[in-house]
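J.: Here you go, target.pdb (PDB, C-alpha atoms, pLDDT in the B column):
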ATOM      1  CA  ASP K1107       0.000   0.000   0.000  1.00 67.00           C
ATOM      2  CA  GLN K1108       1.554   3.279  -1.119  1.00 78.00           C
ATOM      3  CA  GLN K1109       1.717   5.767   1.712  1.00 91.00           C
ATOM      4  CA  VAL K1110       2.721   8.609  -0.613  1.00 94.00           C
ATOM      5  CA  LYS K1111       0.972   8.930  -3.940  1.00 94.00           C
ATOM      6  CA  GLN K1112       1.558  11.085  -6.971  1.00 95.00           C
ATOM      7  CA  ASN K1113      -1.343  10.221  -9.174  1.00 91.00           C
ATOM      8  CA  SER K1114      -0.147  12.017 -12.288  1.00 93.00           C
ATOM      9  CA  PRO K1115       2.753  10.123 -13.872  1.00 93.00           C
ATOM     10  CA  SER K1116       3.346  13.005 -16.271  1.00 96.00           C
ATOM     11  CA  LEU K1117       2.441  16.647 -16.832  1.00 97.00           C
ATOM     12  CA  SER K1118       3.086  19.012 -19.751  1.00 97.00           C
ATOM     13  CA  VAL K1119       3.039  22.767 -19.317  1.00 97.00           C
ATOM     14  CA  GLN K1120       3.824  25.703 -21.598  1.00 97.00           C
ATOM     15  CA  GLU K1121       6.877  27.809 -20.733  1.00 97.00           C
ATOM     16  CA  GLY K1122       5.929  30.784 -18.585  1.00 97.00           C
ATOM     17  CA  ARG K1123       2.770  29.173 -17.212  1.00 97.00           C
ATOM     18  CA  ILE K1124       2.227  27.637 -13.791  1.00 98.00           C
ATOM     19  CA  SER K1125       3.100  23.981 -13.100  1.00 98.00           C
ATOM     20  CA  ILE K1126       1.159  22.310 -10.299  1.00 98.00           C
ATOM     21  CA  LEU K1127       2.351  18.942  -9.062  1.00 98.00           C
ATOM     22  CA  ASN K1128       0.223  17.078  -6.557  1.00 98.00           C
ATOM     23  CA  CYS K1129       0.978  14.604  -3.822  1.00 97.00           C
ATOM     24  CA  ASP K1130      -1.326  12.742  -1.426  1.00 97.00           C
ATOM     25  CA  TYR K1131      -0.398  10.773   1.659  1.00 96.00           C
ATOM     26  CA  THR K1132      -2.231   8.325   3.858  1.00 95.00           C
ATOM     27  CA  ASN K1133      -0.172   8.211   7.051  1.00 92.00           C
ATOM     28  CA  SER K1134      -1.424  10.867   9.467  1.00 92.00           C
ATOM     29  CA  MET K1135       1.850  10.587  11.408  1.00 91.00           C
ATOM     30  CA  PHE K1136       3.758  12.284   8.588  1.00 92.00           C
ATOM     31  CA  ASP K1137       4.704  15.792   9.622  1.00 91.00           C
ATOM     32  CA  TYR K1138       7.577  16.756   7.340  1.00 92.00           C
ATOM     33  CA  PHE K1139       7.477  16.843   3.563  1.00 94.00           C
ATOM     34  CA  LEU K1140      10.026  17.497   0.862  1.00 93.00           C
ATOM     35  CA  TRP K1141      10.063  17.891  -2.892  1.00 96.00           C
ATOM     36  CA  TYR K1142      12.931  16.681  -5.020  1.00 95.00           C
ATOM     37  CA  LYS K1143      13.725  17.120  -8.693  1.00 96.00           C
ATOM     38  CA  LYS K1144      15.570  14.426 -10.609  1.00 92.00           C
ATOM     39  CA  TYR K1145      17.298  14.627 -13.978  1.00 91.00           C
ATOM     40  CA  PRO K1146      18.290  11.430 -15.814  1.00 84.00           C
ATOM     41  CA  ALA K1147      21.531   9.852 -14.604  1.00 78.00           C
ATOM     42  CA  GLU K1148      21.649  12.129 -11.535  1.00 85.00           C
ATOM     43  CA  GLY K1149      20.527  11.737  -7.954  1.00 89.00           C
ATOM     44  CA  PRO K1150      17.460  13.677  -6.742  1.00 92.00           C
ATOM     45  CA  THR K1151      18.073  17.335  -5.921  1.00 92.00           C
ATOM     46  CA  PHE K1152      16.351  18.877  -2.910  1.00 91.00           C
ATOM     47  CA  LEU K1153      13.940  21.679  -3.860  1.00 95.00           C
ATOM     48  CA  ILE K1154      11.807  22.737  -0.934  1.00 95.00           C
ATOM     49  CA  SER K1155      10.390  21.390   2.312  1.00 93.00           C
ATOM     50  CA  ILE K1156       7.463  22.074   4.598  1.00 94.00           C
ATOM     51  CA  SER K1157       6.659  20.983   8.115  1.00 91.00           C
ATOM     52  CA  SER K1158       3.155  20.354   9.352  1.00 91.00           C
ATOM     53  CA  ILE K1159       3.123  23.507  11.462  1.00 92.00           C
ATOM     54  CA  LYS K1160       2.926  25.521   8.229  1.00 93.00           C
ATOM     55  CA  ASP K1161       0.540  25.436   5.312  1.00 95.00           C
ATOM     56  CA  LYS K1162       2.770  27.234   2.818  1.00 97.00           C
ATOM     57  CA  ASN K1163       6.448  27.640   2.115  1.00 96.00           C
ATOM     58  CA  GLU K1164       7.983  29.716  -0.675  1.00 97.00           C
ATOM     59  CA  ASP K1165      11.414  29.723  -2.251  1.00 95.00           C
ATOM     60  CA  GLY K1166      11.753  31.794  -5.379  1.00 97.00           C
ATOM     61  CA  ARG K1167       9.661  30.284  -8.148  1.00 97.00           C
ATOM     62  CA  PHE K1168       8.726  27.285  -5.986  1.00 98.00           C
ATOM     63  CA  THR K1169       5.880  27.229  -3.486  1.00 98.00           C
ATOM     64  CA  VAL K1170       4.646  24.211  -1.561  1.00 98.00           C
ATOM     65  CA  PHE K1171       1.153  24.125  -0.062  1.00 98.00           C
ATOM     66  CA  LEU K1172       0.105  21.668   2.621  1.00 97.00           C
ATOM     67  CA  ASN K1173      -3.500  20.772   3.411  1.00 97.00           C
ATOM     68  CA  LYS K1174      -3.274  18.554   6.479  1.00 95.00           C
ATOM     69  CA  SER K1175      -6.976  17.791   6.715  1.00 95.00           C
ATOM     70  CA  ALA K1176      -6.971  16.513   3.135  1.00 96.00           C
ATOM     71  CA  LYS K1177      -3.534  14.905   3.512  1.00 96.00           C
ATOM     72  CA  HIS K1178      -2.531  16.676   0.342  1.00 97.00           C
ATOM     73  CA  LEU K1179       0.373  18.809  -0.743  1.00 97.00           C
ATOM     74  CA  SER K1180       1.175  20.533  -3.971  1.00 98.00           C
ATOM     75  CA  LEU K1181       4.209  22.139  -5.561  1.00 98.00           C
ATOM     76  CA  HIS K1182       3.670  25.238  -7.668  1.00 98.00           C
ATOM     77  CA  ILE K1183       6.329  26.406 -10.102  1.00 98.00           C
ATOM     78  CA  VAL K1184       5.801  29.905 -11.465  1.00 97.00           C
ATOM     79  CA  PRO K1185       6.835  30.731 -14.106  1.00 98.00           C
ATOM     80  CA  SER K1186       7.764  27.343 -15.539  1.00 98.00           C
ATOM     81  CA  GLN K1187      10.996  27.157 -17.522  1.00 97.00           C
ATOM     82  CA  PRO K1188      12.274  24.471 -19.918  1.00 96.00           C
ATOM     83  CA  GLY K1189      15.062  23.665 -17.422  1.00 95.00           C
ATOM     84  CA  ASP K1190      12.366  22.593 -14.960  1.00 97.00           C
ATOM     85  CA  SER K1191      11.663  19.540 -17.118  1.00 97.00           C
ATOM     86  CA  ALA K1192      12.496  16.613 -14.827  1.00 96.00           C
ATOM     87  CA  VAL K1193      10.884  14.008 -12.596  1.00 95.00           C
ATOM     88  CA  TYR K1194       9.545  15.451  -9.337  1.00 97.00           C
ATOM     89  CA  PHE K1195       9.257  13.337  -6.205  1.00 95.00           C
ATOM     90  CA  CYS K1196       7.480  14.212  -3.024  1.00 95.00           C
ATOM     91  CA  ALA K1197       8.702  12.566   0.166  1.00 93.00           C
ATOM     92  CA  ALA K1198       7.312  12.388   3.690  1.00 93.00           C
ATOM     93  CA  SER K1199       8.511  11.448   7.117  1.00 89.00           C
ATOM     94  CA  ALA K1200       7.605  11.779  10.762  1.00 84.00           C
ATOM     95  CA  ARG K1201       9.613  12.789  13.786  1.00 73.00           C
ATOM     96  CA  ASN K1202       9.281   9.247  15.085  1.00 68.00           C
ATOM     97  CA  TYR K1203      10.666   7.807  11.872  1.00 66.00           C
ATOM     98  CA  GLY K1204      13.827   9.877  11.752  1.00 67.00           C
ATOM     99  CA  GLN K1205      15.412  10.130   8.338  1.00 72.00           C
ATOM    100  CA  ASN K1206      13.264   7.294   6.935  1.00 80.00           C
ATOM    101  CA  PHE K1207      11.594   9.169   4.102  1.00 87.00           C
ATOM    102  CA  VAL K1208       8.809   7.588   2.078  1.00 90.00           C
ATOM    103  CA  PHE K1209       8.886   8.710  -1.531  1.00 92.00           C
ATOM    104  CA  GLY K1210       6.080   8.976  -4.030  1.00 93.00           C
ATOM    105  CA  PRO K1211       6.500   7.393  -7.481  1.00 92.00           C
ATOM    106  CA  GLY K1212       7.266  10.706  -9.154  1.00 94.00           C
ATOM    107  CA  THR K1213       5.683  12.960 -11.791  1.00 96.00           C
ATOM    108  CA  ARG K1214       7.511  13.691 -15.023  1.00 96.00           C
ATOM    109  CA  LEU K1215       7.159  17.387 -15.847  1.00 97.00           C
ATOM    110  CA  SER K1216       7.764  18.590 -19.388  1.00 97.00           C
ATOM    111  CA  VAL K1217       7.918  22.334 -19.920  1.00 97.00           C
ATOM    112  CA  LEU K1218       7.393  23.122 -23.584  1.00 95.00           C
ATOM    113  CA  PRO K1219       9.091  26.166 -25.122  1.00 91.00           C
TER     114      PRO K1219
ATOM    115  CA  LYS J 307      31.220  22.407  -0.515  1.00 63.00           C
ATOM    116  CA  ALA J 308      31.656  19.086  -2.330  1.00 77.00           C
ATOM    117  CA  GLY J 309      28.494  17.061  -2.833  1.00 92.00           C
ATOM    118  CA  VAL J 310      27.729  13.454  -1.995  1.00 96.00           C
ATOM    119  CA  THR J 311      29.902  11.067  -3.962  1.00 96.00           C
ATOM    120  CA  GLN J 312      29.227   7.438  -4.712  1.00 97.00           C
ATOM    121  CA  THR J 313      31.530   4.803  -6.140  1.00 97.00           C
ATOM    122  CA  PRO J 314      31.441   2.998  -8.399  1.00 97.00           C
ATOM    123  CA  ARG J 315      28.931   4.639 -10.718  1.00 95.00           C
ATOM    124  CA  TYR J 316      28.208   1.461 -12.652  1.00 96.00           C
ATOM    125  CA  LEU J 317      28.609  -2.183 -11.743  1.00 96.00           C
ATOM    126  CA  ILE J 318      27.759  -5.484 -13.384  1.00 97.00           C
ATOM    127  CA  LYS J 319      27.637  -8.623 -11.262  1.00 97.00           C
ATOM    128  CA  THR J 320      26.303 -12.141 -11.673  1.00 97.00           C
ATOM    129  CA  ARG J 321      23.733 -13.896  -9.527  1.00 97.00           C
ATOM    130  CA  GLY J 322      25.102 -15.253  -6.281  1.00 97.00           C
ATOM    131  CA  GLN J 323      27.960 -12.761  -6.057  1.00 97.00           C
ATOM    132  CA  GLN J 324      28.198 -10.043  -3.469  1.00 97.00           C
ATOM    133  CA  VAL J 325      28.792  -6.340  -3.943  1.00 98.00           C
ATOM    134  CA  THR J 326      29.938  -3.377  -1.871  1.00 98.00           C
ATOM    135  CA  LEU J 327      28.963   0.185  -2.701  1.00 98.00           C
ATOM    136  CA  SER J 328      30.539   3.264  -1.165  1.00 98.00           C
ATOM    137  CA  CYS J 329      29.184   6.683  -0.247  1.00 98.00           C
ATOM    138  CA  SER J 330      31.015   9.780   0.974  1.00 98.00           C
ATOM    139  CA  PRO J 331      28.650  12.343   2.514  1.00 97.00           C
ATOM    140  CA  ILE J 332      28.862  16.110   2.415  1.00 95.00           C
ATOM    141  CA  SER J 333      31.423  17.382   4.880  1.00 95.00           C
ATOM    142  CA  GLY J 334      29.808  17.904   8.288  1.00 93.00           C
ATOM    143  CA  HIS J 335      26.889  15.570   7.594  1.00 93.00           C
ATOM    144  CA  ARG J 336      26.654  12.683  10.018  1.00 94.00           C
ATOM    145  CA  SER J 337      23.626  10.872   8.674  1.00 93.00           C
ATOM    146  CA  VAL J 338      23.789   8.658   5.594  1.00 95.00           C
ATOM    147  CA  SER J 339      20.705   6.956   4.176  1.00 94.00           C
ATOM    148  CA  TRP J 340      20.549   4.406   1.390  1.00 96.00           C
ATOM    149  CA  TYR J 341      17.711   3.993  -1.101  1.00 95.00           C
ATOM    150  CA  GLN J 342      16.975   1.549  -3.897  1.00 95.00           C
ATOM    151  CA  GLN J 343      15.308   2.934  -6.994  1.00 92.00           C
ATOM    152  CA  THR J 344      13.618   0.623  -9.488  1.00 88.00           C
ATOM    153  CA  PRO J 345      11.156   1.492 -12.270  1.00 79.00           C
ATOM    154  CA  GLY J 346       8.382  -0.511 -10.646  1.00 73.00           C
ATOM    155  CA  GLN J 347       8.893   0.381  -6.973  1.00 74.00           C
ATOM    156  CA  GLY J 348      10.254   3.901  -7.079  1.00 80.00           C
ATOM    157  CA  LEU J 349      12.599   5.035  -4.306  1.00 88.00           C
ATOM    158  CA  GLN J 350      12.591   2.673  -1.345  1.00 92.00           C
ATOM    159  CA  PHE J 351      14.374   3.291   1.921  1.00 91.00           C
ATOM    160  CA  LEU J 352      16.990   0.708   2.863  1.00 95.00           C
ATOM    161  CA  PHE J 353      18.589   2.025   6.053  1.00 93.00           C
ATOM    162  CA  GLU J 354      20.080   5.059   7.735  1.00 93.00           C
ATOM    163  CA  TYR J 355      23.318   5.368   9.648  1.00 94.00           C
ATOM    164  CA  PHE J 356      24.172   8.098  12.120  1.00 93.00           C
ATOM    165  CA  SER J 357      27.419   8.254  14.074  1.00 92.00           C
ATOM    166  CA  GLU J 358      28.392   4.735  12.988  1.00 94.00           C
ATOM    167  CA  THR J 359      25.102   3.218  14.208  1.00 94.00           C
ATOM    168  CA  GLN J 360      22.173   1.994  12.174  1.00 93.00           C
ATOM    169  CA  ARG J 361      19.349   4.245  13.292  1.00 89.00           C
ATOM    170  CA  ASN J 362      16.540   3.245  10.918  1.00 87.00           C
ATOM    171  CA  LYS J 363      15.888   0.260   8.709  1.00 90.00           C
ATOM    172  CA  GLY J 364      13.471  -0.343   5.846  1.00 90.00           C
ATOM    173  CA  ASN J 365      11.818  -3.576   4.787  1.00 90.00           C
ATOM    174  CA  PHE J 366      14.639  -5.282   2.959  1.00 94.00           C
ATOM    175  CA  PRO J 367      16.023  -8.798   3.559  1.00 96.00           C
ATOM    176  CA  GLY J 368      19.133  -9.385   5.636  1.00 95.00           C
ATOM    177  CA  ARG J 369      21.197  -9.773   2.441  1.00 97.00           C
ATOM    178  CA  PHE J 370      21.305  -5.970   2.445  1.00 98.00           C
ATOM    179  CA  SER J 371      23.593  -4.559   5.089  1.00 97.00           C
ATOM    180  CA  GLY J 372      25.618  -1.473   5.677  1.00 97.00           C
ATOM    181  CA  ARG J 373      28.046   0.253   7.928  1.00 97.00           C
ATOM    182  CA  GLN J 374      29.356   3.700   8.640  1.00 97.00           C
ATOM    183  CA  PHE J 375      32.868   4.723   9.515  1.00 97.00           C
ATOM    184  CA  SER J 376      34.083   7.349  11.966  1.00 96.00           C
ATOM    185  CA  ASN J 377      34.507   9.862   9.113  1.00 95.00           C
ATOM    186  CA  SER J 378      30.789   9.330   8.238  1.00 95.00           C
ATOM    187  CA  ARG J 379      31.599   7.513   4.997  1.00 97.00           C
ATOM    188  CA  SER J 380      29.264   4.598   4.504  1.00 98.00           C
ATOM    189  CA  GLU J 381      29.281   1.316   2.642  1.00 98.00           C
ATOM    190  CA  MET J 382      26.390  -0.857   1.606  1.00 98.00           C
ATOM    191  CA  ASN J 383      26.792  -4.572   0.972  1.00 98.00           C
ATOM    192  CA  VAL J 384      24.469  -6.932  -0.843  1.00 97.00           C
ATOM    193  CA  SER J 385      25.241 -10.624  -0.579  1.00 95.00           C
ATOM    194  CA  THR J 386      23.986 -13.476  -2.751  1.00 96.00           C
ATOM    195  CA  LEU J 387      22.812 -11.161  -5.487  1.00 97.00           C
ATOM    196  CA  GLU J 388      19.521 -11.838  -7.239  1.00 97.00           C
ATOM    197  CA  LEU J 389      18.320 -10.569 -10.614  1.00 96.00           C
ATOM    198  CA  GLY J 390      15.769  -8.408  -8.803  1.00 94.00           C
ATOM    199  CA  ASP J 391      18.566  -6.491  -7.069  1.00 96.00           C
ATOM    200  CA  SER J 392      19.293  -4.709 -10.334  1.00 96.00           C
ATOM    201  CA  ALA J 393      18.574  -1.083  -9.533  1.00 95.00           C
ATOM    202  CA  LEU J 394      19.962   2.372  -8.968  1.00 94.00           C
ATOM    203  CA  TYR J 395      21.292   2.618  -5.412  1.00 97.00           C
ATOM    204  CA  LEU J 396      21.251   6.127  -4.034  1.00 96.00           C
ATOM    205  CA  CYS J 397      22.799   7.427  -0.900  1.00 96.00           C
ATOM    206  CA  ALA J 398      21.775  10.657   0.762  1.00 94.00           C
ATOM    207  CA  SER J 399      23.406  12.617   3.533  1.00 94.00           C
ATOM    208  CA  SER J 400      22.123  15.128   6.048  1.00 92.00           C
ATOM    209  CA  TYR J 401      23.119  16.650   9.380  1.00 90.00           C
ATOM    210  CA  GLY J 402      20.790  14.107  10.944  1.00 81.00           C
ATOM    211  CA  GLN J 403      19.626  16.239  13.846  1.00 73.00           C
ATOM    212  CA  GLY J 404      15.863  15.957  13.857  1.00 69.00           C
ATOM    213  CA  LEU J 405      14.292  15.981  10.420  1.00 72.00           C
ATOM    214  CA  ASP J 406      16.207  17.821   7.729  1.00 78.00           C
ATOM    215  CA  GLU J 407      16.565  17.645   4.004  1.00 83.00           C
ATOM    216  CA  GLN J 408      18.732  14.961   2.498  1.00 88.00           C
ATOM    217  CA  TYR J 409      21.218  15.567  -0.285  1.00 92.00           C
ATOM    218  CA  PHE J 410      21.617  12.749  -2.764  1.00 94.00           C
ATOM    219  CA  GLY J 411      24.590  11.397  -4.618  1.00 95.00           C
ATOM    220  CA  PRO J 412      24.442  10.432  -8.305  1.00 94.00           C
ATOM    221  CA  GLY J 413      23.822   6.776  -7.488  1.00 95.00           C
ATOM    222  CA  THR J 414      25.401   3.451  -8.399  1.00 96.00           C
ATOM    223  CA  ARG J 415      23.711   1.577 -11.221  1.00 95.00           C
ATOM    224  CA  LEU J 416      23.922  -2.138 -10.365  1.00 97.00           C
ATOM    225  CA  THR J 417      23.070  -4.710 -13.006  1.00 97.00           C
ATOM    226  CA  VAL J 418      22.812  -8.354 -11.980  1.00 97.00           C
ATOM    227  CA  THR J 419      22.974 -10.906 -14.799  1.00 96.00           C
TER     228      THR J 419
END
So that I can check it, write out the structure of this file as structure tokens.
T.:
Amino acid sequence: DQQVKQNSPSLSVQEGRISILNCDYTNSMFDYFLWYKKYPAEGPTFLISISSIKDKNEDGRFTVFLNKSAKHLSLHIVPSQPGDSAVYFCAASARNYGQNFVFGPGTRLSVLP
Amino acid sequence: KAGVTQTPRYLIKTRGQQVTLSCSPISGHRSVSWYQQTPGQGLQFLFEYFSETQRNKGNFPGRFSGRQFSNSRSEMNVSTLELGDSALYLCASSYGQGLDEQYFGPGTRLTVT
């Protein structure tokens, strides 16, 4: 049973528009969430995180929103750039679990010029 | 600051053999986690080491083991390799105090024939 789900395997967006990547989780113990970006033949690169005491965190073009009641988080990229084309993973953990992060299956984002 | 390095980058082994993979974390990071990435299962947590002690463990058989040295470098060993062990093995490092973001290496691509 997947505890972290990314139901869209792929997403295509026009350059300059907003990209919205979604992630749902089932374990109510999760209280820390991260987004990673992965290019082929490279390890995942950390993008942005959010803890459950917040509902929004911003870093430049990247904003993560957390809806605890819905067990849902989303990553917004504005404006989208061709270099953002990659696979995006969301990951979750809980203070009790330490650095044991559960990853979603990933969403492949393609930003079209 | 140098990133996480993993050696070797590529490895081909035959069934029944054993393999050792190495990971050097970012300087100052004391936590090293290992993940297995396969197309079907995504990123799955193997184990985490902190200050030379295994602190967390995922749901993998005992054929998968690891250790961490006093300089925080870590090795992962897989004994009696099976075809299903073919995967990208990623290590990630972090400061390890509470929950914090992990920084990934490029991975070791293991192929078992």
J.: Considering only C-alpha atoms, can you say which of K:Cys1129, K:Val1208, K:Val1110, K:Ala1192 comes closest to chain J?
T.: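 Looking at the shortest contact to chain J, the residue is K:Val1208.
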J.: Place a sphere of radius 10 Å on (15.0, 1.7, 4.3) in the file coordinates and name every protein, DNA or RNA residue with an atom inside or on its surface, counting all atoms listed in the file; give the answer as number ranges by chain.
T.: K: 1205-1208; J: 339-342, 349-354, 362-366
J.: Counting all atoms listed in the file, which residues in chain K sit no more than 7 Å from chain J? For each one, give the nearest pair of atoms and the distance in Å, sorted by chain then residue number, as JSON lines.
T.:
{"residue": "K:Ala1147", "atom": "CA", "partner": "J:Pro412", "partner_atom": "CA", "distance": 7.0}
{"residue": "K:Glu1148", "atom": "CA", "partner": "J:Pro412", "partner_atom": "CA", "distance": 4.6}
{"residue": "K:Gly1149", "atom": "CA", "partner": "J:Pro412", "partner_atom": "CA", "distance": 4.1}
{"residue": "K:Pro1150", "atom": "CA", "partner": "J:Phe410", "partner_atom": "CA", "distance": 5.8}
{"residue": "K:Thr1151", "atom": "CA", "partner": "J:Phe410", "partner_atom": "CA", "distance": 6.6}
{"residue": "K:Phe1152", "atom": "CA", "partner": "J:Tyr409", "partner_atom": "CA", "distance": 6.4}
{"residue": "K:Arg1201", "atom": "CA", "partner": "J:Leu405", "partner_atom": "CA", "distance": 6.6}
{"residue": "K:Gly1204", "atom": "CA", "partner": "J:Leu405", "partner_atom": "CA", "distance": 6.3}
{"residue": "K:Gln1205", "atom": "CA", "partner": "J:Leu405", "partner_atom": "CA", "distance": 6.3}
{"residue": "K:Asn1206", "atom": "CA", "partner": "J:Phe351", "partner_atom": "CA", "distance": 6.5}
{"residue": "K:Phe1207", "atom": "CA", "partner": "J:Phe351", "partner_atom": "CA", "distance": 6.9}
{"residue": "K:Phe1209", "atom": "CA", "partner": "J:Leu349", "partner_atom": "CA", "distance": 5.9}
{"residue": "K:Pro1211", "atom": "CA", "partner": "J:Gly348", "partner_atom": "CA", "distance": 5.1}
J.: Given the selection you just returned, output its residues as a file containing C-alpha atoms, formatted as a tab-separated table (two decimals), in the coordinates of the input.
T.:
chain	number	residue	atom	x	y	z
K	1147	ALA	CA	21.53	9.85	-14.60
K	1148	GLU	CA	21.65	12.13	-11.54
K	1149	GLY	CA	20.53	11.74	-7.95
K	1150	PRO	CA	17.46	13.68	-6.74
K	1151	THR	CA	18.07	17.34	-5.92
K	1152	PHE	CA	16.35	18.88	-2.91
K	1201	ARG	CA	9.61	12.79	13.79
K	1204	GLY	CA	13.83	9.88	11.75
K	1205	GLN	CA	15.41	10.13	8.34
K	1206	ASN	CA	13.26	7.29	6.94
K	1207	PHE	CA	11.59	9.17	4.10
K	1209	PHE	CA	8.89	8.71	-1.53
K	1211	PRO	CA	6.50	7.39	-7.48
J.: Spell out the residues picked by the PyMOL selection byres ((chain K and resi 1167) around 6) here, as a count of residues only.
T.: 4
J.: Identify which of the residues K:Ala1200, K:Gln1120, K:Met1135, K:Tyr1194 lies closest to Gly1212 in chain K, counting all atoms listed in the file when measuring atom-to-atom distances.
T.: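 Closest to Gly1212 in chain K of all the choices is K:Tyr1194.
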J.: Hey, can you check how far CA of Gln374 in chain J sits from CA of Leu416 in chain J?
T.: 20.6 Å
J.: Would you mind reading off the distance between CA of Phe370 in chain J and CA of Pro314 in chain J, one decimal, in Å?
T.: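 Atom-to-atom, CA of Phe370 in chain J to CA of Pro314 in chain J, that is 17.3 Å.
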J.: Excluding Asp1190 in chain K and any residue of its chain fewer than 4 positions from it, enumerate the residues within 9 Å of it, using only C-alpha atoms, and give them as a list in words.
T.: Lys1143, Ile1183, Ser1186, Leu1215, Ser1216 and Val1217 of chain K
J.: Distance CA of Arg1123 in chain K-CA of Glu1164 in chain K, one decimal place?
T.: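 Separating CA of Arg1123 in chain K from CA of Glu1164 in chain K is a distance of 17.3 Å.
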J.: With the file shown as input, list the residues that the PyMOL selection byres ((chain K and resi 1114) around 12) selects, as a list in words.
T.: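 Answer for the PyMOL selection byres ((chain K and resi 1114) around 12): Lys1111, Gln1112, Asn1113, Pro1115, Ser1116, Leu1117, Ser1118, Ile1126, Leu1127, Asn1128, Cys1129, Asp1130, Ser1180, Val1193, Tyr1194, Phe1195, Gly1210, Pro1211, Gly1212, Thr1213, Arg1214 and Leu1215 of chain K.
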J.: Excluding Ile1159 in chain K and its own-chain neighbours fewer than 6 positions away, which residues fall within 10 Å of it when counting all atoms listed in the file? Please give them as a list in words.
T.: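 So, after excluding close chain neighbours, the residues are Asp1137, Tyr1138, Leu1172 and Lys1174 of chain K.
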J.: For the structure shown, which residues end up in the PyMOL selection byres ((chain J and resi 419) around 8)? Put them as a list in words, please?
T.: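 Those residues are Ile318, Lys319, Thr320, Arg321, Leu389, Thr417 and Val418 of chain J.
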J.: Calculated over only C-alpha atoms, which of the candidates J:Ser392, J:Ser385, J:Thr359, J:Asn377 has the smallest distance to Gln323 in chain J?
T.: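 Ranking J:Ser392, J:Ser385, J:Thr359, J:Asn377 by distance to Gln323 in chain J, first place goes to J:Ser385.
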J.: Which residue is closest to Thr313 in chain J? Choose from J:Ala393, J:Glu358, J:Glu381, J:Thr386 and count all atoms listed in the file.
T.: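 So, comparing all the options, the nearest one is J:Glu381.
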J.: Which centre and which edge lengths, in Å to one decimal, describe the axis-aligned box that holds all listed atoms of range 1156-1166 of chain K after 5 Å is added on each side, as JSON?
T.:
{"center_x": 6.1, "center_y": 26.1, "center_z": 3.0, "size_x": 21.2, "size_y": 21.4, "size_z": 26.8}
J.: Hey, what's within 9 Å of Lys1162 in chain K if we count all atoms listed in the file and toss same-chain stuff fewer than 5 positions away? As a PDB file with C-alpha atoms, in the coordinates of the input, please?
T.:
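selection26.pdb was written with the following content:
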ATOM      1  CA  ILE K1156       7.463  22.074   4.598  1.00 94.00           C
ATOM      2  CA  THR K1169       5.880  27.229  -3.486  1.00 98.00           C
ATOM      3  CA  VAL K1170       4.646  24.211  -1.561  1.00 98.00           C
ATOM      4  CA  PHE K1171       1.153  24.125  -0.062  1.00 98.00           C
ATOM      5  CA  LEU K1172       0.105  21.668   2.621  1.00 97.00           C
TER       6      LEU K1172
END
